[in-house]
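**Q** Questions regarding the structure given below will be posed in turn.
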Amino acid sequence: MSSERRAVVTGIGVVAPNGIGADAFWKATREGVCVLDRVSREGCEELPLRVAGEVRGFDPQEAVESRFTVQTDRFTHFAMAAADLALADARLETGSGSPFDVGVVTAAGSGGGEFGQRELQQLWGKGPRFVGPYQSIAWFYAASTGQISIRGGFKGPCGVLTNDEAGGLDALAHARRGIRRGARAVVVGSAEAPLAPYSAVCQLGYAELSRSGEPARAYLPFTGDACGFAPAEGGAMLVLEEEGAARGRGAAVRAVVAGHAATFTGTDGWQRSREGLAHAARAALAEAGCAPEEVDVVFADALGVPEADRAEALALADVLGPRASRVPVTAPKTGTGRAYCGGPVLDTAAAVLAMESGVVPPTPNVVDVAHDLDLVTRTARPAELRTALVLARGLMGCNAALVLRRGSGTDRP
């Protein structure tokens, strides 16, 4: 039952700093809009973290029923709203058929920090009787998977991955495995909300975190001015379906999840990620039956740390060979920030939309590239895109690669 059941993308839902909804997100991404700005969250004013990508204009009360918002954190509000958008985009009727046909998979980096901080302040400020009953679940890294499945009545294969930032891509592979094993559809992705004061303080331990106070200079990977990454909140959810079932109901097949692989290289230095990232990319291409010459665009991890950027550039050279300096590479996240586990899923959404539109989105703010890469800068570049390679690394040493093939049905039904 496994290899013949292909997993395809039929729906995309986005809640990102540069737009809510796939259309708004893609318009801003295609135009290279930078929305990085000074952190405005209350309690963060005096912290060394000064620039991030915040999701503005998002009202959880409009997106999610109050009976769910009261028991969930901001990261779950994002995920639930994005899941609704993805399901609507896929036009998937979930009320018919068996509830065991549809599953939910998410990845999470930190869980519900904002909710947890609020309840802990109640505990130490007023006493244990003032801590709400939902503290036990709202902070939990599995909360988004649980709440999406409960709210939608989805009883198929569910899971949550907590294996570093690269888990955003690993979640897609996990969902694809569920499709291969018999699920009709899986709602999959990740959304993060790491900008509450408690969460921000936790991130200050990352040497890779940018301390720059200038939004246009805070996140400049692959340049001589690279000084780390700017964090972000938000993310994306996708609907994956078994291809036959999707075509049978007349759905548009937007992309095929063709290959994936993951490696672990530890935290002894970013130079080691060269081998791990290259191995993951080769294995993902091999699983997809894709030769390196077929890669039309790379969505880079783009950490923004000189050592890590050099390792990624060399990994691409190892994988793509002589073509490495001619394959378009992009990192749209420099305009929104790095949303931890949500970042690779946003890159995946952007890759699907890029293949549909026939353009490679630019890398905002980056101009002078210090590596032998064909990094797309300034403006979007028209291109015939059939195969996209998406790369991701985590601060704890995980690496992942995902290969997407352009869908054969890009016109919405």
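Residue numbering restarts at 1 for every chain of the structure tokens, chains are lettered A, B, ... in their displayed order, and ligands are numbered from 1 as they appear.
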What's the 9 Å shell around A:Cys341, counting only C-alpha atoms, without same-chain residues fewer than 4 positions away, as a ChimeraX atom specification?
**A** /A:107-109,162,164-169,189-192,235,345,394
**Q** Need to verify the contact set: A:Ser357, 10 Å, only C-alpha atoms, exclusion of same-chain residues closer than 5 positions in sequence. Can you return it as a ChimeraX atom specification?
**A** /A:26,30,351-352,382-385,410
**Q** So that I have them on file, write out the residues from the current selection with N, CA and C atoms, as a PDB file, in the first residue's frame.
**A**
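In the end it all went to part_25.pdb:
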```
ATOM      1  N   TRP A  26       1.717  35.262  -0.240  1.00  0.00           N
ATOM      2  CA  TRP A  26       2.464  35.127  -1.484  1.00  0.00           C
ATOM      3  C   TRP A  26       2.710  36.472  -2.149  1.00  0.00           C
ATOM      4  N   ARG A  30       6.427  37.409  -2.891  1.00  0.00           N
ATOM      5  CA  ARG A  30       6.837  37.624  -4.287  1.00  0.00           C
ATOM      6  C   ARG A  30       7.430  39.023  -4.484  1.00  0.00           C
ATOM      7  N   ALA A 351       7.362  27.618  -1.731  1.00  0.00           N
ATOM      8  CA  ALA A 351       7.867  26.824  -2.856  1.00  0.00           C
ATOM      9  C   ALA A 351       6.729  26.343  -3.754  1.00  0.00           C
ATOM     10  N   VAL A 352       5.625  25.892  -3.146  1.00  0.00           N
ATOM     11  CA  VAL A 352       4.466  25.463  -3.929  1.00  0.00           C
ATOM     12  C   VAL A 352       3.925  26.633  -4.737  1.00  0.00           C
ATOM     13  N   PRO A 382      11.489  35.443 -12.925  1.00  0.00           N
ATOM     14  CA  PRO A 382      10.688  34.447 -13.657  1.00  0.00           C
ATOM     15  C   PRO A 382      11.519  33.200 -13.956  1.00  0.00           C
ATOM     16  N   ALA A 383      10.903  32.042 -13.831  1.00  0.00           N
ATOM     17  CA  ALA A 383      11.616  30.789 -14.087  1.00  0.00           C
ATOM     18  C   ALA A 383      10.611  29.663 -14.258  1.00  0.00           C
ATOM     19  N   GLU A 384      11.004  28.667 -15.045  1.00  0.00           N
ATOM     20  CA  GLU A 384      10.209  27.457 -15.177  1.00  0.00           C
ATOM     21  C   GLU A 384      10.594  26.541 -14.020  1.00  0.00           C
ATOM     22  N   LEU A 385       9.677  26.349 -13.091  1.00  0.00           N
ATOM     23  CA  LEU A 385       9.976  25.611 -11.868  1.00  0.00           C
ATOM     24  C   LEU A 385       9.167  24.324 -11.817  1.00  0.00           C
ATOM     25  N   THR A 410      -2.884  22.888 -11.441  1.00  0.00           N
ATOM     26  CA  THR A 410      -2.703  24.107 -10.668  1.00  0.00           C
ATOM     27  C   THR A 410      -3.887  25.057 -10.786  1.00  0.00           C
TER      28      THR A 410
END
```
**Q** Nearest to A:Gly337 among A:Pro362, A:Gly53, A:Gly266, A:Pro157, with distances taken over only C-alpha atoms: which residue is it?
**A** A:Gly53
**Q** If we count only C-alpha atoms and set the cut-off at 10 Å, which residues sit around A:Gly57, ignoring sequence neighbours fewer than 5 positions away in its own chain? Please answer as JSON, numbers by chain.
**A** {"A": [17, 19, 20]}
**Q** I want to know what sits within 7 Å of A:Ala315, based on only C-alpha atoms, with residues of the same chain fewer than 3 positions away left out; could you give that as a list in words?
**A**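 Contacts, with the query itself left out: Arg274, Glu275, Leu277, Ala278, Ala311, Glu312, Asp318 and Val319 of chain A.
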**Q** Using only C-alpha atoms, which of the listed residues (A:Gly224, A:Pro133, A:Pro194, A:Gly125) sits closest to A:Pro306?
**A**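 Comparing A:Gly224, A:Pro133, A:Pro194, A:Gly125 against A:Pro306, the winner is A:Gly224.
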**Q** Using only C-alpha atoms, can you tell me which of A:Ala16, A:Glu241, A:Ala300, A:Leu49 comes closest to A:Ala207?
**A** A:Leu49
**Q** Would you pick out the contacts of A:Leu402 at 7 Å or less, using only C-alpha atoms, so that residues sharing its chain but fewer than 4 positions from it are not included, and give the list as a ChimeraX atom specification?
**A** /A:169,259-261,284,389-391
**Q** Just want the 7 Å neighbourhood of A:Thr10, counted on only C-alpha atoms, with same-chain residues fewer than 4 positions away dropped. Output as a list of chain:residue names.
**A**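 The contact residues come out as A:Ala90, A:Val239, A:Leu240, A:Glu241, A:Ala251, A:Ala252, A:Val253, A:Arg254.
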**Q** Residues at most 12 Å from A:Val369, counting only C-alpha atoms, excluding those fewer than 4 positions away in the same chain, as a list of chain:residue names?
**A** A:Leu220, A:Pro221, A:Phe222, A:Thr223, A:Gly224, A:Asp225, A:Ala226, A:Gly304, A:Pro306, A:Asp309, A:Arg310, A:Ala313, A:Ser325, A:Val329, A:Thr330, A:Thr363, A:Asn365, A:Leu373, A:Asp374, A:Leu375, A:Val376, A:Thr377, A:Arg378
**Q** With DSSP run on the backbone, what are the alpha helix (DSSP H) residues within stretch 179-364 of chain A? I'd like them as an MDAnalysis selection string.
**A** chainID A and resid 179:180 197:203 243:248 273:288 306:320 342:357
**Q** Using atom CA of A:Glu242 and atom CA of A:Phe25 as the two end points, give the distance in Å to one decimal.
**A**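 So the answer is 25.9 Å.
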**Q** For the strand (DSSP E or B) assignment from backbone DSSP, which residues of stretch 243-378 of chain A qualify? Please present them as an mmCIF file with N, CA, C and O atoms, in the first residue's frame.
**A**
```
data_model
loop_
_atom_site.group_PDB
_atom_site.id
_atom_site.type_symbol
_atom_site.label_atom_id
_atom_site.label_comp_id
_atom_site.auth_asym_id
_atom_site.auth_seq_id
_atom_site.Cartn_x
_atom_site.Cartn_y
_atom_site.Cartn_z
ATOM 1 N N ALA A 255 1.021 20.306 -5.579
ATOM 2 C CA ALA A 255 2.407 19.834 -5.548
ATOM 3 C C ALA A 255 2.429 18.413 -5.027
ATOM 4 O O ALA A 255 1.503 17.985 -4.327
ATOM 5 N N VAL A 256 3.491 17.714 -5.355
ATOM 6 C CA VAL A 256 3.710 16.355 -4.856
ATOM 7 C C VAL A 256 4.853 16.398 -3.848
ATOM 8 O O VAL A 256 5.911 16.987 -4.115
ATOM 9 N N VAL A 257 4.627 15.831 -2.666
ATOM 10 C CA VAL A 257 5.708 15.689 -1.683
ATOM 11 C C VAL A 257 6.487 14.451 -2.095
ATOM 12 O O VAL A 257 6.090 13.322 -1.819
ATOM 13 N N ALA A 258 7.602 14.686 -2.782
ATOM 14 C CA ALA A 258 8.271 13.601 -3.497
ATOM 15 C C ALA A 258 9.393 12.935 -2.717
ATOM 16 O O ALA A 258 9.668 11.746 -2.915
ATOM 17 N N GLY A 259 10.077 13.665 -1.846
ATOM 18 C CA GLY A 259 11.197 13.065 -1.134
ATOM 19 C C GLY A 259 11.552 13.831 0.120
ATOM 20 O O GLY A 259 11.342 15.054 0.204
ATOM 21 N N HIS A 260 12.093 13.117 1.103
ATOM 22 C CA HIS A 260 12.483 13.739 2.370
ATOM 23 C C HIS A 260 13.578 12.911 3.013
ATOM 24 O O HIS A 260 13.633 11.688 2.861
ATOM 25 N N ALA A 261 14.455 13.589 3.724
ATOM 26 C CA ALA A 261 15.447 12.900 4.541
ATOM 27 C C ALA A 261 15.894 13.828 5.653
ATOM 28 O O ALA A 261 15.792 15.058 5.537
ATOM 29 N N ALA A 262 16.382 13.236 6.736
ATOM 30 C CA ALA A 262 16.827 14.008 7.890
ATOM 31 C C ALA A 262 18.104 13.408 8.454
ATOM 32 O O ALA A 262 18.340 12.196 8.366
ATOM 33 N N THR A 263 18.947 14.268 9.019
ATOM 34 C CA THR A 263 20.190 13.838 9.651
ATOM 35 C C THR A 263 20.379 14.618 10.949
ATOM 36 O O THR A 263 19.665 15.586 11.219
ATOM 37 N N PHE A 264 21.372 14.206 11.720
ATOM 38 C CA PHE A 264 21.699 14.912 12.955
ATOM 39 C C PHE A 264 23.206 15.059 13.042
ATOM 40 O O PHE A 264 23.942 14.084 12.933
ATOM 41 N N VAL A 297 15.046 25.180 -8.109
ATOM 42 C CA VAL A 297 15.145 26.247 -7.120
ATOM 43 C C VAL A 297 15.406 25.630 -5.757
ATOM 44 O O VAL A 297 14.934 24.528 -5.459
ATOM 45 N N VAL A 298 16.180 26.353 -4.941
ATOM 46 C CA VAL A 298 16.462 25.927 -3.573
ATOM 47 C C VAL A 298 15.954 26.990 -2.614
ATOM 48 O O VAL A 298 16.269 28.179 -2.766
ATOM 49 N N PHE A 299 15.150 26.576 -1.642
ATOM 50 C CA PHE A 299 14.752 27.450 -0.548
ATOM 51 C C PHE A 299 15.691 27.142 0.613
ATOM 52 O O PHE A 299 15.599 26.088 1.236
ATOM 53 N N PRO A 328 18.965 28.839 -8.978
ATOM 54 C CA PRO A 328 18.437 29.922 -8.146
ATOM 55 C C PRO A 328 18.218 29.472 -6.697
ATOM 56 O O PRO A 328 17.630 28.421 -6.448
ATOM 57 N N VAL A 329 18.711 30.278 -5.776
ATOM 58 C CA VAL A 329 18.549 30.029 -4.345
ATOM 59 C C VAL A 329 17.842 31.240 -3.749
ATOM 60 O O VAL A 329 18.117 32.386 -4.136
ATOM 61 N N THR A 330 16.925 30.989 -2.839
ATOM 62 C CA THR A 330 16.222 32.099 -2.208
ATOM 63 C C THR A 330 15.986 31.824 -0.733
ATOM 64 O O THR A 330 15.989 30.666 -0.290
ATOM 65 N N ARG A 338 12.690 34.253 11.254
ATOM 66 C CA ARG A 338 12.814 32.795 11.291
ATOM 67 C C ARG A 338 11.845 32.246 12.337
ATOM 68 O O ARG A 338 12.067 32.387 13.540
ATOM 69 N N VAL A 359 7.757 31.960 -10.675
ATOM 70 C CA VAL A 359 8.725 32.978 -10.276
ATOM 71 C C VAL A 359 9.423 32.546 -8.995
ATOM 72 O O VAL A 359 8.820 31.880 -8.141
ATOM 73 N N VAL A 360 10.691 32.932 -8.869
ATOM 74 C CA VAL A 360 11.439 32.698 -7.636
ATOM 75 C C VAL A 360 11.383 33.982 -6.819
ATOM 76 O O VAL A 360 11.834 35.037 -7.282
ATOM 77 N N ASP A 374 23.757 31.525 -6.544
ATOM 78 C CA ASP A 374 22.902 32.383 -7.357
ATOM 79 C C ASP A 374 21.705 32.799 -6.508
ATOM 80 O O ASP A 374 20.572 32.389 -6.755
ATOM 81 N N LEU A 375 21.985 33.592 -5.481
ATOM 82 C CA LEU A 375 20.929 34.012 -4.567
ATOM 83 C C LEU A 375 20.066 35.082 -5.238
ATOM 84 O O LEU A 375 20.579 36.092 -5.725
#
```
